[in-house]
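Listing of final-v7.txt; format and content: compact mmCIF, C-alpha atoms and all ligand atoms.
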# COMPACT_ATOMS: atom_id res chain seq x y z
CA MET F 6 123.05 98.89 95.45
CA SER F 7 123.92 95.98 97.75
CA SER F 8 120.99 93.60 97.98
CA LYS F 9 122.09 92.85 101.57
CA LEU F 10 120.48 96.12 102.63
CA ASP F 11 116.93 95.81 103.93
CA PRO F 12 114.34 96.54 101.20
CA ILE F 13 113.12 99.57 103.18
CA THR F 14 116.68 100.94 103.19
CA GLN F 15 116.96 100.22 99.47
CA ALA F 16 113.74 102.20 98.86
CA VAL F 17 115.48 105.16 100.50
CA ARG F 18 118.94 104.76 98.98
CA ILE F 19 118.64 103.34 95.44
CA GLN F 20 119.61 106.19 93.14
CA THR F 21 120.42 106.86 89.50
CA PRO F 22 124.22 107.44 89.26
CA ARG F 23 125.03 111.08 90.02
CA THR F 24 125.93 113.44 87.19
CA GLN F 25 129.14 115.49 87.35
CA GLN F 26 127.11 118.16 89.23
CA GLY F 27 127.14 115.96 92.33
CA GLU F 28 123.46 116.47 93.06
CA HIS F 29 122.08 114.71 96.16
CA SER F 30 118.49 114.39 94.91
CA THR F 31 118.09 112.75 91.49
CA PRO F 32 117.33 115.29 88.74
CA VAL F 33 114.28 114.88 86.51
CA TYR F 34 115.42 113.50 83.15
CA LEU F 35 112.95 115.32 80.92
CA THR F 36 114.19 114.04 77.60
CA SER F 37 112.38 111.98 75.01
CA SER F 38 115.53 110.39 73.58
CA PHE F 39 119.20 109.80 74.42
CA VAL F 40 122.31 110.63 72.40
CA PHE F 41 124.92 108.09 71.23
CA ASP F 42 128.63 108.73 70.78
CA ASP F 43 128.79 106.76 67.55
CA ALA F 44 127.03 104.35 65.24
CA GLU F 45 128.45 101.33 67.06
CA SER F 46 127.09 102.30 70.51
CA MET F 47 123.68 102.99 68.95
CA ARG F 48 123.71 99.61 67.20
CA ALA F 49 124.67 97.88 70.47
CA ALA F 50 121.85 99.61 72.38
CA PHE F 51 119.25 98.53 69.80
CA ALA F 52 120.66 94.99 69.83
CA GLU F 53 120.27 95.04 73.64
CA GLU F 54 124.00 94.38 74.02
CA SER F 55 124.20 97.46 76.27
CA ASP F 56 121.87 98.97 78.88
CA ASP F 57 122.04 102.43 77.32
CA ASN F 58 118.77 104.35 77.24
CA ILE F 59 117.41 104.85 73.71
CA TYR F 60 114.01 106.49 73.94
CA SER F 61 111.84 107.30 76.95
CA ARG F 62 109.00 105.02 75.80
CA PHE F 63 111.44 102.13 76.39
CA SER F 64 113.35 103.35 79.45
CA ASN F 65 114.24 106.50 81.36
CA PRO F 66 116.54 106.99 84.39
CA ASN F 67 113.76 108.27 86.67
CA VAL F 68 111.42 105.45 85.70
CA ASP F 69 114.17 102.87 86.20
CA GLU F 70 115.01 104.26 89.64
CA PHE F 71 111.38 104.00 90.77
CA THR F 72 111.05 100.49 89.31
CA ALA F 73 114.27 99.29 91.00
CA LYS F 74 112.92 100.43 94.37
CA MET F 75 109.62 98.60 93.80
CA VAL F 76 111.50 95.44 92.77
CA ALA F 77 113.49 95.62 96.03
CA LEU F 78 110.41 96.30 98.17
CA GLU F 79 108.42 93.38 96.72
CA GLY F 80 111.40 91.00 96.65
CA ALA F 81 110.95 90.53 92.89
CA GLU F 82 113.36 89.64 90.07
CA ALA F 83 112.35 92.46 87.72
CA GLY F 84 109.71 95.11 87.08
CA PHE F 85 108.21 97.59 84.64
CA SER F 86 106.43 100.87 85.41
CA THR F 87 103.48 102.33 83.55
CA ALA F 88 101.40 105.49 83.28
CA SER F 89 98.66 104.30 85.63
CA GLY F 90 97.53 101.32 87.66
CA MET F 91 95.16 100.30 84.88
CA SER F 92 97.93 100.17 82.27
CA ALA F 93 99.91 97.90 84.62
CA VAL F 94 96.84 95.64 85.00
CA VAL F 95 96.10 95.57 81.26
CA GLY F 96 99.77 95.10 80.30
CA SER F 97 100.19 92.20 82.73
CA ILE F 98 97.23 90.40 81.17
CA MET F 99 97.37 91.25 77.46
CA SER F 100 101.09 90.56 77.08
CA LEU F 101 100.83 87.04 78.50
CA LEU F 102 97.44 85.71 77.32
CA LYS F 103 96.35 85.03 73.77
CA ASN F 104 93.33 83.95 71.78
CA GLY F 105 92.02 80.69 73.28
CA ASP F 106 93.42 81.20 76.79
CA HIS F 107 91.30 81.23 79.93
CA MET F 108 91.71 83.15 83.18
CA ILE F 109 90.30 82.66 86.69
CA VAL F 110 89.35 85.98 88.25
CA SER F 111 88.29 86.78 91.81
CA SER F 112 84.89 88.48 91.62
CA SER F 113 85.97 91.20 94.08
CA ILE F 114 88.24 93.37 91.96
CA PHE F 115 88.62 97.06 91.12
CA GLY F 116 85.74 98.36 88.95
CA ASN F 117 87.78 99.27 85.86
CA THR F 118 89.67 95.95 86.00
CA ASN F 119 86.31 94.23 86.09
CA THR F 120 85.15 96.24 83.06
CA PHE F 121 88.34 95.49 81.15
CA ILE F 122 88.06 91.75 81.73
CA LYS F 123 84.34 91.49 80.97
CA LYS F 124 84.04 93.96 78.10
CA TYR F 125 87.35 93.86 76.26
CA MET F 126 89.11 90.52 76.86
CA PRO F 127 86.42 88.55 74.98
CA ASN F 128 87.19 90.70 71.88
CA PHE F 129 90.60 89.04 71.85
CA GLY F 130 89.28 85.51 72.40
CA ILE F 131 90.37 85.36 76.05
CA THR F 132 87.74 83.78 78.29
CA TYR F 133 87.38 84.02 82.07
CA THR F 134 85.52 82.56 85.03
CA MET F 135 84.71 84.88 87.93
CA VAL F 136 84.86 83.09 91.28
CA PRO F 137 83.76 84.31 94.73
CA ALA F 138 86.85 85.52 96.64
CA GLY F 139 86.90 82.97 99.46
CA ASP F 140 85.20 79.99 97.78
CA HIS F 141 88.13 77.63 97.20
CA ALA F 142 85.92 74.86 95.78
CA ALA F 143 84.72 77.28 93.08
CA TRP F 144 88.33 78.11 92.22
CA GLU F 145 89.17 74.42 91.83
CA ALA F 146 86.05 73.85 89.72
CA ALA F 147 86.96 76.76 87.44
CA VAL F 148 90.26 75.25 86.21
CA GLN F 149 90.16 74.32 82.52
CA PRO F 150 92.83 72.78 80.27
CA ASN F 151 93.44 76.23 78.71
CA THR F 152 93.56 78.18 82.01
CA LYS F 153 96.75 80.25 82.10
CA MET F 154 96.37 82.91 84.81
CA VAL F 155 94.72 83.64 88.14
CA TYR F 156 93.97 87.29 88.91
CA LEU F 157 92.96 88.69 92.28
CA GLU F 158 93.20 91.59 94.70
CA THR F 159 93.61 91.51 98.48
CA PRO F 160 92.39 93.32 100.52
CA THR F 161 89.61 94.12 98.07
CA ASN F 162 88.22 97.53 97.17
CA PRO F 163 85.89 98.61 98.77
CA GLN F 164 84.65 95.64 100.83
CA LEU F 165 88.08 94.79 102.34
CA GLU F 166 87.74 91.06 101.86
CA VAL F 167 91.04 89.27 102.48
CA LEU F 168 92.06 86.34 100.26
CA ASP F 169 94.44 83.63 101.48
CA LEU F 170 97.63 84.20 99.47
CA GLU F 171 99.27 81.02 100.77
CA TRP F 172 96.32 78.96 99.52
CA VAL F 173 96.34 80.71 96.13
CA GLY F 174 100.10 80.09 95.87
CA LYS F 175 99.60 76.35 96.33
CA PHE F 176 96.60 76.33 93.98
CA THR F 177 98.43 78.09 91.14
CA LYS F 178 101.52 75.92 91.63
CA LYS F 179 99.46 72.73 91.52
CA HIS F 180 97.77 73.74 88.25
CA ASN F 181 100.80 75.53 86.78
CA LEU F 182 99.02 78.91 86.47
CA ILE F 183 100.45 82.43 86.51
CA PHE F 184 99.55 84.00 89.88
CA ASN F 185 98.88 87.72 89.28
CA VAL F 186 97.83 89.88 92.25
CA ASP F 187 96.95 93.55 92.69
CA ASN F 188 98.73 94.58 95.92
CA CYS F 189 97.51 98.19 95.83
CA PHE F 190 95.66 98.25 99.15
CA ALA F 191 98.42 96.64 101.23
CA THR F 192 101.60 98.00 99.59
CA PRO F 193 104.82 95.94 99.92
CA VAL F 194 105.32 97.45 103.38
CA LEU F 195 102.38 95.43 104.73
CA GLN F 196 102.25 92.43 102.39
CA ARG F 197 104.73 90.76 100.00
CA PRO F 198 102.76 88.34 97.80
CA ILE F 199 105.87 86.89 96.12
CA GLU F 200 106.71 85.21 99.44
CA PHE F 201 103.43 83.28 99.03
CA GLY F 202 104.14 82.23 95.45
CA ALA F 203 102.88 85.18 93.40
CA ASP F 204 104.47 85.41 89.93
CA LEU F 205 103.35 88.99 89.28
CA VAL F 206 102.39 91.86 91.59
CA VAL F 207 100.64 94.89 90.10
CA HIS F 208 100.11 98.28 91.72
CA SER F 209 98.30 101.50 91.19
CA ALA F 210 101.11 103.79 92.35
CA THR F 211 98.51 106.55 92.32
CA LYS F 212 97.30 105.45 95.75
CA TRP F 213 99.53 104.80 98.80
CA ILE F 214 102.78 104.77 96.81
CA ASP F 215 102.44 108.43 95.82
CA GLY F 216 100.44 108.82 98.99
CA GLN F 217 99.87 112.52 98.50
CA GLY F 218 97.28 112.62 95.73
CA ARG F 219 99.53 114.19 93.10
CA VAL F 220 100.30 111.84 90.21
CA LEU F 221 99.07 108.72 88.42
CA GLY F 222 101.35 105.75 87.98
CA GLY F 223 101.48 101.97 87.90
CA VAL F 224 104.02 99.21 88.21
CA VAL F 225 104.23 95.45 87.76
CA VAL F 226 107.00 93.38 89.34
CA GLY F 227 107.72 89.66 89.49
CA ARG F 228 109.34 86.83 87.54
CA ALA F 229 111.95 88.09 85.07
CA ASP F 230 110.69 85.99 82.13
CA LEU F 231 107.14 87.33 82.51
CA ILE F 232 108.27 90.93 83.07
CA ARG F 233 110.28 90.68 79.84
CA GLU F 234 107.07 89.94 77.90
CA ILE F 235 105.22 92.78 79.68
CA TYR F 236 108.09 95.17 78.89
CA LEU F 237 108.06 94.22 75.18
CA PHE F 238 104.27 94.68 75.02
CA CYS F 239 104.32 98.06 76.80
CA ARG F 240 107.32 99.34 74.84
CA VAL F 241 105.28 98.81 71.66
CA THR F 242 101.86 99.93 72.96
CA GLY F 243 103.21 102.95 74.87
CA PRO F 244 101.57 103.32 78.33
CA THR F 245 104.78 105.00 79.53
CA LEU F 246 105.25 106.43 83.01
CA SER F 247 106.43 110.04 82.63
CA ALA F 248 109.86 110.96 84.01
CA PHE F 249 108.32 113.60 86.23
CA ASN F 250 105.74 111.25 87.73
CA ALA F 251 108.46 108.64 88.25
CA TRP F 252 110.58 111.22 90.07
CA VAL F 253 107.64 112.05 92.37
CA LEU F 254 106.93 108.36 93.00
CA SER F 255 110.57 107.49 93.66
CA LYS F 256 110.76 110.25 96.29
CA SER F 257 107.49 108.98 97.79
CA LEU F 258 108.96 105.51 98.32
CA GLU F 259 111.55 107.00 100.69
CA THR F 260 108.71 107.62 103.17
CA LEU F 261 106.37 104.73 102.32
CA GLU F 262 107.12 102.68 105.43
CA VAL F 263 106.67 105.50 107.95
CA ARG F 264 103.55 106.73 106.20
CA MET F 265 101.98 103.26 106.12
CA GLN F 266 102.74 102.70 109.79
CA ARG F 267 100.86 105.88 110.73
CA HIS F 268 98.02 105.22 108.24
CA CYS F 269 97.53 101.77 109.82
CA GLU F 270 97.69 103.12 113.37
CA ASN F 271 95.14 105.84 112.59
CA ALA F 272 92.85 103.47 110.66
CA TYR F 273 92.84 100.90 113.46
CA LYS F 274 92.12 103.51 116.14
CA ALA F 275 89.36 105.18 114.11
CA ALA F 276 87.73 101.88 113.10
CA GLU F 277 87.75 100.68 116.69
CA ALA F 278 86.38 103.93 118.11
CA LEU F 279 83.55 104.23 115.56
CA GLN F 280 82.23 100.68 116.11
CA SER F 281 80.24 101.90 119.09
CA HIS F 282 78.57 104.86 117.34
CA PRO F 283 74.77 104.39 117.53
CA ASN F 284 74.25 105.19 113.81
CA VAL F 285 76.77 102.58 112.67
CA SER F 286 75.65 99.01 112.12
CA LEU F 287 79.04 97.57 111.08
CA VAL F 288 82.71 98.53 110.87
CA LYS F 289 85.02 96.46 108.70
CA TYR F 290 88.82 96.55 108.96
CA PRO F 291 91.18 93.59 108.32
CA PHE F 292 92.91 93.89 111.73
CA LEU F 293 89.69 94.36 113.79
CA LYS F 294 88.59 91.22 115.57
CA GLY F 295 85.32 90.21 113.98
CA HIS F 296 86.54 90.76 110.41
CA PRO F 297 85.54 87.51 108.63
CA GLN F 298 89.13 86.84 107.49
CA TYR F 299 90.91 88.29 110.55
CA ASP F 300 93.17 85.24 110.95
CA ILE F 301 94.24 85.27 107.29
CA ALA F 302 94.93 89.01 107.46
CA LYS F 303 97.10 88.52 110.57
CA LYS F 304 98.98 85.67 108.86
CA GLN F 305 99.92 87.51 105.67
CA MET F 306 99.88 91.23 106.52
CA SER F 307 101.99 93.20 108.99
CA GLY F 308 99.34 95.93 109.30
CA GLY F 309 95.65 96.25 108.41
CA GLY F 310 96.11 99.04 105.85
CA GLY F 311 94.77 102.57 105.66
CA VAL F 312 91.19 101.88 104.61
CA PHE F 313 88.19 100.87 106.69
CA CYS F 314 84.50 100.66 105.85
CA LEU F 315 81.48 101.43 107.90
CA GLU F 316 77.80 100.86 107.33
CA VAL F 317 75.57 103.81 108.29
CA LYS F 318 72.08 102.93 109.43
CA GLY F 319 69.44 104.24 107.02
CA GLY F 320 70.77 103.17 103.62
CA VAL F 321 71.53 105.36 100.60
CA GLU F 322 69.91 108.53 101.97
CA ALA F 323 71.80 108.27 105.28
CA GLY F 324 75.02 107.72 103.32
CA ARG F 325 74.42 110.91 101.34
CA LYS F 326 73.59 112.86 104.51
CA PHE F 327 76.81 111.57 106.07
CA LEU F 328 78.94 112.85 103.17
CA ASN F 329 77.21 116.24 103.23
CA ALA F 330 77.81 116.63 106.98
CA LEU F 331 81.59 116.05 106.84
CA GLN F 332 83.58 119.17 107.67
CA MET F 333 87.21 118.07 107.36
CA LEU F 334 87.31 114.79 105.41
CA SER F 335 87.47 115.18 101.62
CA VAL F 336 84.70 113.77 99.46
CA THR F 337 86.65 112.60 96.42
CA ALA F 338 87.20 109.52 94.26
CA ASN F 339 90.81 108.82 95.27
CA LEU F 340 92.25 106.92 98.23
CA GLY F 341 95.69 106.56 99.79
CA ASP F 342 96.37 110.22 100.58
CA THR F 343 97.80 112.12 103.54
CA ARG F 344 94.31 113.66 103.76
CA SER F 345 91.44 111.48 104.95
CA ILE F 346 88.82 110.76 102.31
CA ALA F 347 85.26 109.45 102.47
CA SER F 348 83.30 107.92 99.62
CA HIS F 349 79.85 106.38 99.27
CA PRO F 350 79.98 103.65 96.58
CA ALA F 351 76.19 103.14 96.32
CA SER F 352 75.56 106.74 95.19
CA THR F 353 78.79 107.20 93.19
CA THR F 354 81.14 104.54 91.77
CA HIS F 355 78.52 101.79 91.88
CA SER F 356 75.38 103.91 91.30
CA LYS F 357 74.74 102.46 87.84
CA LEU F 358 74.26 98.95 89.24
CA THR F 359 70.90 97.68 90.45
CA ASP F 360 70.41 96.97 94.18
CA GLU F 361 70.76 93.25 93.40
CA GLU F 362 73.99 93.74 91.43
CA ARG F 363 75.41 95.85 94.23
CA ALA F 364 74.44 93.26 96.82
CA ALA F 365 76.18 90.57 94.77
CA VAL F 366 79.49 92.46 95.01
CA GLY F 367 78.95 93.35 98.67
CA ILE F 368 78.08 97.03 98.22
CA THR F 369 75.34 97.72 100.74
CA PRO F 370 73.34 100.99 100.50
CA GLY F 371 74.91 102.61 103.57
CA LEU F 372 78.50 101.49 102.93
CA ILE F 373 81.04 104.27 103.44
CA ARG F 374 84.71 103.81 102.55
CA ILE F 375 87.16 105.81 104.62
CA SER F 376 90.76 106.22 103.46
CA VAL F 377 92.46 107.30 106.66
CA GLY F 378 95.05 110.06 106.32
CA LEU F 379 97.83 111.44 108.46
CA GLU F 380 95.85 114.07 110.35
CA LYS F 381 95.76 113.60 114.14
CA VAL F 382 93.48 110.63 114.66
CA ASP F 383 91.28 112.42 117.22
CA ASP F 384 90.38 115.01 114.58
CA ILE F 385 89.53 112.25 112.09
CA ILE F 386 87.32 110.44 114.59
CA ALA F 387 85.63 113.69 115.68
CA ASP F 388 84.70 114.66 112.11
CA ILE F 389 83.32 111.23 111.25
CA SER F 390 81.39 111.07 114.55
CA GLN F 391 79.71 114.44 114.11
CA ALA F 392 78.75 113.53 110.52
CA LEU F 393 77.32 110.23 111.74
CA ASP F 394 75.28 112.13 114.37
CA LYS F 395 73.70 114.10 111.50
CA SER F 396 73.20 111.09 109.19
CA SER F 397 70.18 109.65 110.96
CA LEU F 398 67.00 110.02 108.93
C1 LIG F 401 92.91 102.71 91.72
C2 LIG F 401 93.10 101.27 91.58
C3 LIG F 401 93.52 100.71 90.36
C4 LIG F 401 93.73 101.54 89.10
O1 LIG F 401 94.78 102.43 89.24
P1 LIG F 401 94.89 103.82 88.42
O2 LIG F 401 96.22 104.33 88.85
O3 LIG F 401 93.74 104.67 88.84
O4 LIG F 401 94.84 103.48 86.97
C5 LIG F 401 93.73 99.35 90.32
N1 LIG F 401 93.53 98.57 91.40
C6 LIG F 401 93.11 99.07 92.57
C7 LIG F 401 92.89 98.16 93.74
C8 LIG F 401 92.88 100.43 92.72
O5 LIG F 401 92.45 100.92 93.89

I'd like the structure from this file rewritten - as structure tokens, please.
Amino acid sequence: MSSKLDPITQAVRIQTPRTQQGEHSTPVYLTSSFVFDDAESMRAAFAEESDDNIYSRFSNPNVDEFTAKMVALEGAEAGFSTASGMSAVVGSIMSLLKNGDHMIVSSSIFGNTNTFIKKYMPNFGITYTMVPAGDHAAWEAAVQPNTKMVYLETPTNPQLEVLDLEWVGKFTKKHNLIFNVDNCFATPVLQRPIEFGADLVVHSATKWIDGQGRVLGGVVVGRADLIREIYLFCRVTGPTLSAFNAWVLSKSLETLEVRMQRHCENAYKAAEALQSHPNVSLVKYPFLKGHPQYDIAKKQMSGGGGVFCLEVKGGVEAGRKFLNALQMLSVTANLGDTRSIASHPASTTHSKLTDEERAAVGITPGLIRISVGLEKVDDIIADISQALDKSSL
């Protein structure tokens, strides 16, 4: 595929070479291994002298098609896809760091990533310093002689903090650190971290990339030398993306740009409209004036994303009443779907933390996260408004 084509066009047109059947849509290559004509071609494949597929834990046509599209969309050199977002996160860290290395981690990261870093990395002798997202002095102070990687997410889940990618790019360059960023909330349609100096970009493809709540998947793209190490690690450890899920995700990328445009439009309109509801004390959305990092968001993103947060007055109990009063929005743990979703972190994902621990990561008792879908925006606003009416104590 000509790299002169726009990345959005490439996400539509990149395709595994057609079989002799002349199919228009790529078939699903449900096969665990691939056949060789002779001993010599098998030897060459194992010696990596040819690109022939060997075994679907190493490579598969559907997985490669999806990865090639993600590489084009992010403007990367190479990529590798995995079974879930978490296996992309873990693979991107464990393949590149070793006993004695240190990592700087933004404190506002996905819950399971946080658990992995705190609970499991120390078992392998990898140390870390967690730094507040926007506190650049703390980042500088955290650098040690053995620091190898910086890991962050922007916008963050669920507080929607925005980190300055240009600043992080300069910081990691100055200290010669691997810049690894989870771009799940923005997608490459809205934000391309490699343009700001990122070495690796990881995704949960489960969210906006699938965009229809069907499959799990993950992908990491970036510098070819680093991706090579991640590939070798994953090929041995086995967090393989299935051919079927890759087929679903590759098809999804054909509509990613149009979906994200409408998700952003709906999210902005809903966030703006709900600011004035009497039972709401705060609405947070990266592209709403008044967001603490509005200027940074405008500088590095082409849209505010599909998620906004609101704070219902009345704390945990009001948050629970709000969820119970919803008639159309789904109450579920996912985000990034055609269907709008509401969640209440204080009584669900973050319920095991104390009030103080929640406050430290910015989860207030009445915080509601809304993943805005593709329903007509007036219906989304109407459902949230009527539930807010009923949330007062
Ligand atoms: C969901 C999510 C992940 C993990 O992805 P899975 O596909 O669920 O493994 C990682 N990072 C962010 C920001 C997420 O929202």

Exercise. Hey, what's within 8 Å of stretch 304-321 of chain F if we count all atoms listed in the file and toss same-chain stuff fewer than 2 positions away? As a PyMOL selection string, please?
Worked result: chain F and resi 163-165+169-170+190-191+194-196+265-266+268-269+271-273+276+284-292+300-302+323-325+341+351-352+369-378+393+396-398

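Across the model, the gap from atom CA of F:Thr152 to atom CA of F:Ala81 is 23.9 Å.
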
What residues have any atom no more than 9 Å from ligand LIG 401 (chain F) when counting only C-alpha atoms and all ligand atoms, and can you list them as a compact mmCIF listing (two decimals) with C-alpha atoms, in the frame of the given file?
# COMPACT_ATOMS: atom_id res chain seq x y z
CA ALA F 88 101.40 105.49 83.28
CA SER F 89 98.66 104.30 85.63
CA GLY F 90 97.53 101.32 87.66
CA MET F 91 95.16 100.30 84.88
CA SER F 92 97.93 100.17 82.27
CA ALA F 93 99.91 97.90 84.62
CA VAL F 94 96.84 95.64 85.00
CA ILE F 114 88.24 93.37 91.96
CA PHE F 115 88.62 97.06 91.12
CA GLY F 116 85.74 98.36 88.95
CA ASN F 117 87.78 99.27 85.86
CA THR F 118 89.67 95.95 86.00
CA GLU F 158 93.20 91.59 94.70
CA THR F 159 93.61 91.51 98.48
CA PRO F 160 92.39 93.32 100.52
CA THR F 161 89.61 94.12 98.07
CA ASN F 162 88.22 97.53 97.17
CA PRO F 163 85.89 98.61 98.77
CA ASP F 187 96.95 93.55 92.69
CA ASN F 188 98.73 94.58 95.92
CA CYS F 189 97.51 98.19 95.83
CA PHE F 190 95.66 98.25 99.15
CA VAL F 207 100.64 94.89 90.10
CA HIS F 208 100.11 98.28 91.72
CA SER F 209 98.30 101.50 91.19
CA ALA F 210 101.11 103.79 92.35
CA THR F 211 98.51 106.55 92.32
CA LYS F 212 97.30 105.45 95.75
CA VAL F 220 100.30 111.84 90.21
CA LEU F 221 99.07 108.72 88.42
CA GLY F 222 101.35 105.75 87.98
CA GLY F 223 101.48 101.97 87.90
CA ASN F 339 90.81 108.82 95.27
CA LEU F 340 92.25 106.92 98.23
CA GLY F 341 95.69 106.56 99.79

Exercise. Which residues come within 10 Å of F:Asp69, counting all atoms listed in the file, excluding same-chain residues fewer than 5 positions away, as a list in words?
Worked result: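 Residues near the query, excluding close chain neighbours: Gln20, Thr21, Ser64, Lys74, Met75, Gly84, Phe85, Ser86, Ala248, Ala251, Trp252 and Ser255 of chain F.
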
Can those selected residues be exported to a file as a short mmCIF file (atom, residue, chain, number, x, y, z; two decimals), in the frame of the given file so that it contains C-alpha atoms?
data_model
loop_
_atom_site.label_atom_id
_atom_site.label_comp_id
_atom_site.auth_asym_id
_atom_site.auth_seq_id
_atom_site.Cartn_x
_atom_site.Cartn_y
_atom_site.Cartn_z
CA GLN F 20 119.61 106.19 93.14
CA THR F 21 120.42 106.86 89.50
CA SER F 64 113.35 103.35 79.45
CA LYS F 74 112.92 100.43 94.37
CA MET F 75 109.62 98.60 93.80
CA GLY F 84 109.71 95.11 87.08
CA PHE F 85 108.21 97.59 84.64
CA SER F 86 106.43 100.87 85.41
CA ALA F 248 109.86 110.96 84.01
CA ALA F 251 108.46 108.64 88.25
CA TRP F 252 110.58 111.22 90.07
CA SER F 255 110.57 107.49 93.66
#

Exercise. Interatomic distance between atom CA of F:Thr354 and atom CA of F:Gly295?
Worked result: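 Separating atom CA of F:Thr354 from atom CA of F:Gly295 is a distance of 26.8 Å.
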
For this session: For F:Asn128, please output as a list in words all residues within 12 Å (counting all atoms listed in the file; exclusion window: fewer than 4 positions along the same chain).
Result: Met99, Lys103, Asn104, Gly105, Phe121, Ile122, Lys123, Lys124 and Thr132 of chain F

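Of the listed residues (F:Ile183, F:Phe249, F:Lys9, F:Phe176), F:Phe249 comes nearest to F:Pro32; the distances count only C-alpha atoms.
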
Problem set entry | Atom pair atom CA of F:Ser348 / atom CA of F:Gln298: separation (Å) |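 A separation of 23.2 Å between them.
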